[in-house]
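Printed here is run-v3.txt (compact mmCIF, N, CA and C atoms):
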# COMPACT_ATOMS: atom_id res chain seq x y z
N MET A 1 13.18 23.88 36.57
CA MET A 1 13.57 22.50 36.34
C MET A 1 14.94 22.41 35.69
N LYS A 2 15.19 23.27 34.72
CA LYS A 2 16.46 23.20 34.01
C LYS A 2 17.63 23.37 34.98
N ARG A 3 17.47 24.23 35.96
CA ARG A 3 18.55 24.43 36.95
C ARG A 3 18.77 23.20 37.80
N ARG A 4 17.81 22.32 37.86
CA ARG A 4 17.93 21.10 38.66
C ARG A 4 18.46 19.92 37.84
N GLY A 5 18.86 20.17 36.62
CA GLY A 5 19.43 19.11 35.80
C GLY A 5 18.43 18.33 34.97
N VAL A 6 17.20 18.80 34.91
CA VAL A 6 16.18 18.13 34.11
C VAL A 6 16.33 18.58 32.66
N GLU A 7 16.33 17.61 31.76
CA GLU A 7 16.38 17.94 30.34
C GLU A 7 14.99 17.77 29.75
N ILE A 8 14.60 18.72 28.90
CA ILE A 8 13.26 18.73 28.35
C ILE A 8 13.36 18.63 26.83
N ALA A 9 12.59 17.70 26.27
CA ALA A 9 12.64 17.47 24.82
C ALA A 9 11.45 18.08 24.10
N LEU A 10 11.71 18.52 22.90
CA LEU A 10 10.63 18.87 21.98
C LEU A 10 10.02 17.57 21.49
N HIS A 11 8.71 17.51 21.46
CA HIS A 11 8.01 16.27 21.11
C HIS A 11 7.01 16.53 19.99
N GLY A 12 7.38 17.42 19.06
CA GLY A 12 6.52 17.73 17.94
C GLY A 12 5.62 18.91 18.22
N CYS A 13 4.74 19.19 17.27
CA CYS A 13 3.81 20.31 17.41
C CYS A 13 2.39 19.84 17.70
N PHE A 14 1.96 18.81 17.00
CA PHE A 14 0.56 18.40 17.07
C PHE A 14 0.37 16.96 17.54
N HIS A 15 1.43 16.18 17.50
CA HIS A 15 1.44 14.79 17.93
C HIS A 15 0.69 13.87 16.98
N ARG A 16 -0.24 14.38 16.22
CA ARG A 16 -1.09 13.57 15.36
C ARG A 16 -0.50 13.44 13.96
N ASP A 17 -0.76 12.29 13.33
CA ASP A 17 -0.38 12.05 11.95
C ASP A 17 -1.53 12.53 11.07
N PRO A 18 -1.38 13.66 10.37
CA PRO A 18 -2.50 14.21 9.60
C PRO A 18 -2.94 13.33 8.44
N ARG A 19 -2.09 12.44 8.00
CA ARG A 19 -2.44 11.58 6.87
C ARG A 19 -3.01 10.22 7.31
N GLY A 20 -3.00 9.96 8.61
CA GLY A 20 -3.59 8.73 9.13
C GLY A 20 -2.81 7.47 8.82
N MET A 21 -1.53 7.60 8.52
CA MET A 21 -0.72 6.42 8.16
C MET A 21 -0.41 5.53 9.36
N THR A 22 -0.60 6.05 10.56
CA THR A 22 -0.19 5.29 11.75
C THR A 22 -1.36 4.64 12.47
N SER A 23 -2.53 4.62 11.87
CA SER A 23 -3.70 4.11 12.58
C SER A 23 -3.57 2.64 12.97
N LEU A 24 -2.75 1.88 12.27
CA LEU A 24 -2.55 0.48 12.65
C LEU A 24 -1.50 0.33 13.74
N LEU A 25 -0.62 1.31 13.88
CA LEU A 25 0.45 1.25 14.87
C LEU A 25 0.08 1.95 16.18
N THR A 26 -0.62 3.07 16.06
CA THR A 26 -0.93 3.90 17.22
C THR A 26 -2.36 4.41 17.08
N ARG A 27 -2.75 5.25 17.97
CA ARG A 27 -4.07 5.88 17.89
C ARG A 27 -3.97 7.22 17.16
N GLY A 28 -3.18 7.27 16.11
CA GLY A 28 -3.06 8.47 15.31
C GLY A 28 -1.84 9.32 15.59
N GLU A 29 -1.00 8.91 16.55
CA GLU A 29 0.22 9.66 16.82
C GLU A 29 1.20 9.43 15.67
N GLY A 30 2.14 10.34 15.52
CA GLY A 30 3.18 10.14 14.53
C GLY A 30 3.25 11.21 13.47
N GLU A 31 3.25 12.48 13.87
CA GLU A 31 3.21 13.56 12.88
C GLU A 31 4.40 13.59 11.93
N PHE A 32 5.51 12.94 12.28
CA PHE A 32 6.69 12.99 11.42
C PHE A 32 6.79 11.81 10.45
N ILE A 33 6.03 10.77 10.66
CA ILE A 33 6.15 9.56 9.83
C ILE A 33 5.81 9.83 8.37
N SER A 34 4.87 10.71 8.11
CA SER A 34 4.47 10.96 6.73
C SER A 34 4.85 12.36 6.25
N ALA A 35 5.57 13.10 7.08
CA ALA A 35 5.94 14.47 6.71
C ALA A 35 7.11 14.47 5.72
N SER A 36 7.02 15.33 4.73
CA SER A 36 8.12 15.52 3.79
C SER A 36 9.25 16.23 4.53
N PRO A 37 10.46 16.24 3.95
CA PRO A 37 11.54 17.01 4.60
C PRO A 37 11.16 18.48 4.82
N GLU A 38 10.46 19.08 3.88
CA GLU A 38 10.05 20.49 4.03
C GLU A 38 9.06 20.64 5.18
N GLU A 39 8.09 19.71 5.27
CA GLU A 39 7.12 19.75 6.37
C GLU A 39 7.81 19.51 7.71
N THR A 40 8.75 18.58 7.72
CA THR A 40 9.50 18.29 8.94
C THR A 40 10.25 19.52 9.40
N ARG A 41 10.91 20.19 8.49
CA ARG A 41 11.67 21.41 8.81
C ARG A 41 10.75 22.46 9.41
N LYS A 42 9.59 22.66 8.80
CA LYS A 42 8.65 23.66 9.29
C LYS A 42 8.13 23.29 10.67
N LEU A 43 7.80 22.02 10.88
CA LEU A 43 7.32 21.56 12.20
C LEU A 43 8.39 21.77 13.27
N LEU A 44 9.63 21.44 12.95
CA LEU A 44 10.71 21.61 13.93
C LEU A 44 10.97 23.09 14.21
N GLN A 45 10.95 23.93 13.17
CA GLN A 45 11.16 25.36 13.38
C GLN A 45 10.05 25.95 14.26
N THR A 46 8.81 25.57 13.95
CA THR A 46 7.68 26.06 14.74
C THR A 46 7.75 25.55 16.16
N GLY A 47 8.02 24.27 16.33
CA GLY A 47 8.10 23.68 17.66
C GLY A 47 9.18 24.32 18.52
N ARG A 48 10.37 24.50 17.94
CA ARG A 48 11.47 25.13 18.69
C ARG A 48 11.12 26.56 19.08
N SER A 49 10.48 27.29 18.18
CA SER A 49 10.12 28.67 18.45
C SER A 49 9.09 28.77 19.58
N VAL A 50 8.04 27.97 19.50
CA VAL A 50 7.01 27.97 20.54
C VAL A 50 7.61 27.54 21.88
N PHE A 51 8.40 26.48 21.85
CA PHE A 51 9.05 25.97 23.05
C PHE A 51 9.91 27.06 23.70
N SER A 52 10.79 27.66 22.90
CA SER A 52 11.71 28.68 23.42
C SER A 52 10.98 29.91 23.92
N ASP A 53 9.94 30.34 23.19
CA ASP A 53 9.17 31.50 23.62
C ASP A 53 8.46 31.23 24.94
N ALA A 54 7.93 30.03 25.10
CA ALA A 54 7.17 29.69 26.30
C ALA A 54 8.06 29.46 27.52
N LEU A 55 9.19 28.80 27.32
CA LEU A 55 10.02 28.41 28.45
C LEU A 55 11.26 29.28 28.65
N GLY A 56 11.62 30.05 27.62
CA GLY A 56 12.77 30.94 27.75
C GLY A 56 14.10 30.29 27.44
N PHE A 57 14.09 29.07 26.96
CA PHE A 57 15.32 28.37 26.57
C PHE A 57 14.96 27.34 25.50
N PRO A 58 15.92 26.94 24.67
CA PRO A 58 15.63 25.96 23.62
C PRO A 58 15.50 24.55 24.21
N PRO A 59 14.85 23.65 23.49
CA PRO A 59 14.74 22.27 23.96
C PRO A 59 16.10 21.60 24.04
N ASP A 60 16.23 20.67 24.98
CA ASP A 60 17.48 19.95 25.16
C ASP A 60 17.64 18.80 24.17
N GLY A 61 16.54 18.30 23.67
CA GLY A 61 16.58 17.17 22.75
C GLY A 61 15.29 17.08 21.97
N PHE A 62 15.17 16.01 21.22
CA PHE A 62 13.98 15.80 20.40
C PHE A 62 13.57 14.33 20.42
N THR A 63 12.28 14.12 20.56
CA THR A 63 11.68 12.79 20.46
C THR A 63 10.43 12.90 19.62
N ALA A 64 10.37 12.19 18.52
CA ALA A 64 9.18 12.23 17.66
C ALA A 64 8.02 11.50 18.34
N PRO A 65 6.79 11.98 18.17
CA PRO A 65 5.65 11.27 18.71
C PRO A 65 5.65 9.80 18.26
N ALA A 66 5.47 8.92 19.22
CA ALA A 66 5.46 7.46 19.00
C ALA A 66 6.79 6.96 18.44
N TRP A 67 7.83 7.77 18.53
CA TRP A 67 9.17 7.41 18.01
C TRP A 67 9.10 7.03 16.54
N LEU A 68 8.21 7.65 15.79
CA LEU A 68 8.04 7.34 14.37
C LEU A 68 8.65 8.46 13.53
N TYR A 69 9.71 8.11 12.81
CA TYR A 69 10.44 9.05 11.97
C TYR A 69 10.26 8.65 10.52
N GLY A 70 9.92 9.59 9.67
CA GLY A 70 9.74 9.31 8.26
C GLY A 70 11.04 9.41 7.49
N PRO A 71 10.98 9.08 6.20
CA PRO A 71 12.17 9.18 5.35
C PRO A 71 12.70 10.62 5.31
N GLY A 72 13.96 10.77 5.56
CA GLY A 72 14.58 12.09 5.52
C GLY A 72 14.50 12.87 6.81
N THR A 73 13.74 12.36 7.80
CA THR A 73 13.58 13.11 9.04
C THR A 73 14.92 13.28 9.76
N ALA A 74 15.73 12.23 9.81
CA ALA A 74 17.01 12.31 10.52
C ALA A 74 17.92 13.39 9.94
N GLU A 75 17.93 13.51 8.62
CA GLU A 75 18.77 14.53 7.99
C GLU A 75 18.29 15.93 8.36
N VAL A 76 16.98 16.13 8.37
CA VAL A 76 16.45 17.45 8.72
C VAL A 76 16.72 17.75 10.19
N ILE A 77 16.54 16.75 11.06
CA ILE A 77 16.82 16.95 12.48
C ILE A 77 18.27 17.39 12.67
N GLY A 78 19.17 16.86 11.85
CA GLY A 78 20.58 17.22 11.92
C GLY A 78 20.86 18.68 11.64
N GLU A 79 19.93 19.37 10.98
CA GLU A 79 20.08 20.80 10.70
C GLU A 79 19.86 21.65 11.96
N PHE A 80 19.26 21.06 12.96
CA PHE A 80 18.96 21.76 14.21
C PHE A 80 20.00 21.34 15.24
N ASP A 81 20.22 22.17 16.22
CA ASP A 81 21.28 21.89 17.19
C ASP A 81 20.76 21.16 18.43
N PHE A 82 20.02 20.08 18.22
CA PHE A 82 19.58 19.27 19.36
C PHE A 82 20.78 18.50 19.90
N PRO A 83 21.07 18.62 21.19
CA PRO A 83 22.18 17.85 21.76
C PRO A 83 21.97 16.34 21.66
N TRP A 84 20.71 15.91 21.64
CA TRP A 84 20.41 14.47 21.52
C TRP A 84 19.04 14.29 20.88
N VAL A 85 18.87 13.14 20.26
CA VAL A 85 17.59 12.74 19.67
C VAL A 85 17.30 11.34 20.18
N GLU A 86 16.06 11.13 20.61
CA GLU A 86 15.67 9.82 21.13
C GLU A 86 14.96 9.00 20.06
N TYR A 87 15.40 7.77 19.92
CA TYR A 87 14.77 6.79 19.04
C TYR A 87 14.32 5.62 19.91
N ARG A 88 13.59 4.69 19.36
CA ARG A 88 13.15 3.54 20.15
C ARG A 88 14.31 2.74 20.73
N SER A 89 15.43 2.77 20.06
CA SER A 89 16.58 1.98 20.51
C SER A 89 17.49 2.73 21.48
N GLY A 90 17.27 4.02 21.65
CA GLY A 90 18.11 4.79 22.56
C GLY A 90 18.34 6.20 22.09
N LEU A 91 19.43 6.79 22.53
CA LEU A 91 19.76 8.18 22.22
C LEU A 91 20.91 8.27 21.23
N VAL A 92 20.82 9.25 20.33
CA VAL A 92 21.93 9.59 19.45
C VAL A 92 22.30 11.03 19.79
N PHE A 93 23.56 11.22 20.16
CA PHE A 93 24.03 12.54 20.55
C PHE A 93 24.55 13.31 19.35
N GLN A 94 24.58 14.62 19.49
CA GLN A 94 24.99 15.50 18.41
C GLN A 94 26.38 15.16 17.89
N ASP A 95 27.25 14.67 18.77
CA ASP A 95 28.61 14.34 18.35
C ASP A 95 28.74 12.94 17.74
N GLY A 96 27.58 12.25 17.55
CA GLY A 96 27.59 10.94 16.91
C GLY A 96 27.58 9.76 17.87
N ARG A 97 27.82 10.01 19.16
CA ARG A 97 27.77 8.90 20.12
C ARG A 97 26.34 8.35 20.20
N ARG A 98 26.25 7.06 20.49
CA ARG A 98 24.96 6.40 20.64
C ARG A 98 24.90 5.72 22.00
N LEU A 99 23.76 5.83 22.63
CA LEU A 99 23.52 5.16 23.90
C LEU A 99 22.36 4.20 23.71
N PHE A 100 22.66 2.92 23.75
CA PHE A 100 21.62 1.91 23.60
C PHE A 100 20.79 1.89 24.88
N ALA A 101 19.55 2.29 24.77
CA ALA A 101 18.63 2.34 25.91
C ALA A 101 17.21 2.23 25.37
N PRO A 102 16.77 1.01 25.02
CA PRO A 102 15.45 0.87 24.42
C PRO A 102 14.35 1.41 25.32
N VAL A 103 13.35 2.00 24.69
CA VAL A 103 12.24 2.56 25.44
C VAL A 103 11.14 1.52 25.63
N ALA A 104 10.41 1.66 26.70
CA ALA A 104 9.24 0.81 26.94
C ALA A 104 8.05 1.51 26.31
N VAL A 105 7.37 0.84 25.42
CA VAL A 105 6.26 1.44 24.70
C VAL A 105 4.95 0.89 25.22
N PHE A 106 4.01 1.77 25.46
CA PHE A 106 2.69 1.36 25.94
C PHE A 106 1.65 2.11 25.16
N SER A 107 0.61 1.44 24.77
CA SER A 107 -0.50 2.08 24.08
C SER A 107 -1.80 1.69 24.77
N SER A 108 -2.68 2.63 24.87
CA SER A 108 -3.97 2.36 25.52
C SER A 108 -4.99 1.78 24.56
N SER A 109 -4.62 1.62 23.31
CA SER A 109 -5.58 1.10 22.34
C SER A 109 -5.71 -0.41 22.40

Represent the structure from my file as structure tokens, please.
Amino acid sequence: MKRRGVEIALHGCFHRDPRGMTSLLTRGEGEFISASPEETRKLLQTGRSVFSDALGFPPDGFTAPAWLYGPGTAEVIGEFDFPWVEYRSGLVFQDGRRLFAPVAVFSSS
């Protein structure tokens, strides 16, 4: 797929919010919303490692489950070399450019 121009994003490790803070917003998705910076760093390191080991290349970008980012998450994400990060409002590129492209959100709940 990568040779065909498809970009693949890391989307977390577990998808679930272990503290249950997102139960009113989602069906439990949102592992980064309540994660401390240290937990976020560990999740991203683990996710990148598993991703790279499985696919043979690093992820092209990052999208948090349910697009829910907790306090300090953006700073920790900046420590990693993701070419782009997706937010509900669009993409933020590593060089600081922003592309306004709101996402369509759907929940089965």

Shell of 6.5 Å around stretch 84-99 of chain A, all atoms listed in the file, local chain residues under 4 positions omitted, as a list in words: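 Listed by chain and then number, they are Asp60, Gly61, Phe62, Thr63, Ala64, Trp67 and Val103 of chain A.
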
Using only N, CA and C atoms: which of A:Ala104, A:Phe32, A:Pro58, A:Ala74 has the shortest distance to A:Ile8: A:Pro58

Pick from A:Pro65, A:Gly78, A:Pro102, A:Pro83, whichever lies nearest to A:His11 using all atoms listed in the file: A:Pro65

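Atom to atom, atom CA of A:Phe100 and atom CA of A:Val76 stand 22.1 Å apart.
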
Of the listed residues A:Pro59, A:Gly12, A:Gly72, A:Glu7, that which approaches A:Glu38 most closely, counting all atoms listed in the file: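 Using all atoms listed in the file, A:Glu38 sits closest to A:Gly72.
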
Nearest candidate to A:Arg48 (options A:Leu10, A:Ile77, A:Ser36, A:Gly30; using all atoms listed in the file):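 Of A:Leu10, A:Ile77, A:Ser36, A:Gly30, the one nearest A:Arg48, counting all atoms listed in the file, is A:Leu10.
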
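When atom N of A:Ala54 is paired with atom C of A:Ala9, their separation reads 12.5 Å.
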
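Picture a line from atom C of A:Phe14 to atom CA of A:Gly47; it runs 10.2 Å.
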
Report the residues of stretch 32-107 of chain A whose backbone DSSP state falls under helix (DSSP H, G or I), written as a short mmCIF file (atom, residue, chain, number, x, y, z; two decimals) with N, CA and C atoms, in the frame of the given file.
data_model
loop_
_atom_site.label_atom_id
_atom_site.label_comp_id
_atom_site.auth_asym_id
_atom_site.auth_seq_id
_atom_site.Cartn_x
_atom_site.Cartn_y
_atom_site.Cartn_z
N PRO A 37 10.46 16.24 3.95
CA PRO A 37 11.54 17.01 4.60
C PRO A 37 11.16 18.48 4.82
N GLU A 38 10.46 19.08 3.88
CA GLU A 38 10.05 20.49 4.03
C GLU A 38 9.06 20.64 5.18
N GLU A 39 8.09 19.71 5.27
CA GLU A 39 7.12 19.75 6.37
C GLU A 39 7.81 19.51 7.71
N THR A 40 8.75 18.58 7.72
CA THR A 40 9.50 18.29 8.94
C THR A 40 10.25 19.52 9.40
N ARG A 41 10.91 20.19 8.49
CA ARG A 41 11.67 21.41 8.81
C ARG A 41 10.75 22.46 9.41
N LYS A 42 9.59 22.66 8.80
CA LYS A 42 8.65 23.66 9.29
C LYS A 42 8.13 23.29 10.67
N LEU A 43 7.80 22.02 10.88
CA LEU A 43 7.32 21.56 12.20
C LEU A 43 8.39 21.77 13.27
N LEU A 44 9.63 21.44 12.95
CA LEU A 44 10.71 21.61 13.93
C LEU A 44 10.97 23.09 14.21
N GLN A 45 10.95 23.93 13.17
CA GLN A 45 11.16 25.36 13.38
C GLN A 45 10.05 25.95 14.26
N THR A 46 8.81 25.57 13.95
CA THR A 46 7.68 26.06 14.74
C THR A 46 7.75 25.55 16.16
N GLY A 47 8.02 24.27 16.33
CA GLY A 47 8.10 23.68 17.66
C GLY A 47 9.18 24.32 18.52
N ARG A 48 10.37 24.50 17.94
CA ARG A 48 11.47 25.13 18.69
C ARG A 48 11.12 26.56 19.08
N SER A 49 10.48 27.29 18.18
CA SER A 49 10.12 28.67 18.45
C SER A 49 9.09 28.77 19.58
N VAL A 50 8.04 27.97 19.50
CA VAL A 50 7.01 27.97 20.54
C VAL A 50 7.61 27.54 21.88
N PHE A 51 8.40 26.48 21.85
CA PHE A 51 9.05 25.97 23.05
C PHE A 51 9.91 27.06 23.70
N SER A 52 10.79 27.66 22.90
CA SER A 52 11.71 28.68 23.42
C SER A 52 10.98 29.91 23.92
N ASP A 53 9.94 30.34 23.19
CA ASP A 53 9.17 31.50 23.62
C ASP A 53 8.46 31.23 24.94
N ALA A 54 7.93 30.03 25.10
CA ALA A 54 7.17 29.69 26.30
C ALA A 54 8.06 29.46 27.52
N LEU A 55 9.19 28.80 27.32
CA LEU A 55 10.02 28.41 28.45
C LEU A 55 11.26 29.28 28.65
N PRO A 65 6.79 11.98 18.17
CA PRO A 65 5.65 11.27 18.71
C PRO A 65 5.65 9.80 18.26
N ALA A 66 5.47 8.92 19.22
CA ALA A 66 5.46 7.46 19.00
C ALA A 66 6.79 6.96 18.44
N TRP A 67 7.83 7.77 18.53
CA TRP A 67 9.17 7.41 18.01
C TRP A 67 9.10 7.03 16.54
N THR A 73 13.74 12.36 7.80
CA THR A 73 13.58 13.11 9.04
C THR A 73 14.92 13.28 9.76
N ALA A 74 15.73 12.23 9.81
CA ALA A 74 17.01 12.31 10.52
C ALA A 74 17.92 13.39 9.94
N GLU A 75 17.93 13.51 8.62
CA GLU A 75 18.77 14.53 7.99
C GLU A 75 18.29 15.93 8.36
N VAL A 76 16.98 16.13 8.37
CA VAL A 76 16.45 17.45 8.72
C VAL A 76 16.72 17.75 10.19
N ILE A 77 16.54 16.75 11.06
CA ILE A 77 16.82 16.95 12.48
C ILE A 77 18.27 17.39 12.67
#

Near-A:Pro71 list (9 Å; only C-alpha atoms; drop same-chain fewer than 5 positions) as a ChimeraX atom specification: /A:33-37
